[in-house]
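Let me begin by presenting the structure, written as C-alpha cells, before commenting on it.
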Amino acid sequence: MLYQHELTSTEPGQLYLRLREDEGYAADDFTIQLVSGTIERGAEIDELIQRHTKSWSLSRLAPLERNTLRLATFELLDGATPPAVVVDEAVRLIKRYATDEAGALINGILGGILAEQRGGEGGD
C-alpha cells in the first residue's frame, strides 16, 4: 500500500477501499496502523533513513526498497515488534521481490538505524 501511495498519490483510505473491492478483503487494523503511521511520520522516517544511506539520496533507491525501508523504520521507531523480526522480515520481503543485493542494502541501512537507536554511531 505504501508503494501504491507513493506511485499514485492515492490516499490510504482509497487504497483500503480498493483492496476490499479488488481483492475481496479488508485491510486489518495492524496494516492500517502501519500504513498510516509510516505516512504520518514520513518526514522523520525519511530523514533517519537518509542518515544511513551513505552518499545516496533516498530518491535514488527504487520505490520498493524505499518503501520497505520506510515501513521497517516505522516499525523500529514504534517498538511493538522486536527489531530482529523487523529486519528479518524487511530483508526477506525485498529479496523475494527484488534482489539479494537489495536485501544486503536494506540490512545495512536498518542495521545503522538500530545502532543509532541503541546509542551507537549515527550515519556514516
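Labels for the C-alpha cells follow display order: chains A, B, ..., residues from 1 in each chain, ligands from 1.
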**OP:** Can you pull out every residue within 7 Å of Phe74 in chain A, counting only C-alpha atoms, but drop anything in the same chain fewer than 3 positions away, and send it as a list in words?
**Re:**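 Here the qualifying residues turn out to be Thr38, Ile45, Arg70, Leu71, Leu77 and Asp78 of chain A.
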File dump, residues just selected, C-alpha atoms, as a PDB file, in the first residue's frame:
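The file below, again-v8.pdb, is the result:
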ATOM      1  CA  THR A  38       4.512   5.360   8.223  1.00  0.00           C
ATOM      2  CA  ILE A  45      11.454   8.410   8.789  1.00  0.00           C
ATOM      3  CA  ARG A  70      10.102   3.284   5.441  1.00  0.00           C
ATOM      4  CA  LEU A  71       7.837   0.564   6.774  1.00  0.00           C
ATOM      5  CA  LEU A  77      10.503   3.518  15.928  1.00  0.00           C
ATOM      6  CA  ASP A  78       7.144   2.165  17.071  1.00  0.00           C
TER       7      ASP A  78
END
**OP:** Would you list, as a PyMOL selection string, the residues of chain A that end up in helix (DSSP H, G or I) under DSSP run on this structure's backbone?
**Re:** chain A and resi 2-8+12-23+29-40+42-50+58-60+63-78+83-97+100-117
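Using only C-alpha atoms, the contacts of Leu114 in chain A at a cut-off of 12 Å, with sequence neighbours closer than 6 positions omitted, comprise Leu48, Ile49, His52, Ala72, Thr73, Phe74, Glu75, Leu76, Leu77, Gly79, Pro82, Pro83, Ala84, Val86, Val87, Asn107, Gly108, Gly120, Glu121, Gly122 and Gly123 of chain A.
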**OP:** Could you give me, as a list in words, the residues within 12 Å of Tyr97 in chain A, counting only C-alpha atoms and dropping anything in the same chain fewer than 6 positions from it?
**Re:**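 Residues near the query, excluding close chain neighbours: Ala62, Pro63, Leu64, Glu65, Thr68, Ala90, Val91 and Gly103 of chain A.
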Just-selected residues, C-alpha atoms written as a compact mmCIF listing (two decimals), in the first residue's frame:
# COMPACT_ATOMS: atom_id res chain seq x y z
CA ALA A 62 13.90 2.04 -6.13
CA PRO A 63 10.36 2.64 -4.84
CA LEU A 64 10.11 -0.91 -3.50
CA GLU A 65 13.32 -0.63 -1.49
CA THR A 68 10.28 -1.31 2.54
CA ALA A 90 12.23 -6.49 5.57
CA VAL A 91 15.22 -8.37 4.16
CA GLY A 103 18.48 -7.37 0.70
**OP:** Calculate how many Å separate CA of Glu6 in chain A from CA of Arg18 in chain A, rounding to one decimal.
**Re:** 15.5 Å
Original post:
Near Ile39 in chain A, counting only C-alpha atoms, which residues have an atom at most 12 Å away, once you skip same-chain residues fewer than 2 positions from it, shown as number ranges by chain?
Top reply: A: 1-3, 5-6, 9-12, 32-37, 41-46, 67, 70-71, 73-74
Original post:
Interatomic distance between CA of Leu69 in chain A and CA of Ile106 in chain A?
Top reply: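 Distance between the two atoms: 6.7 Å.
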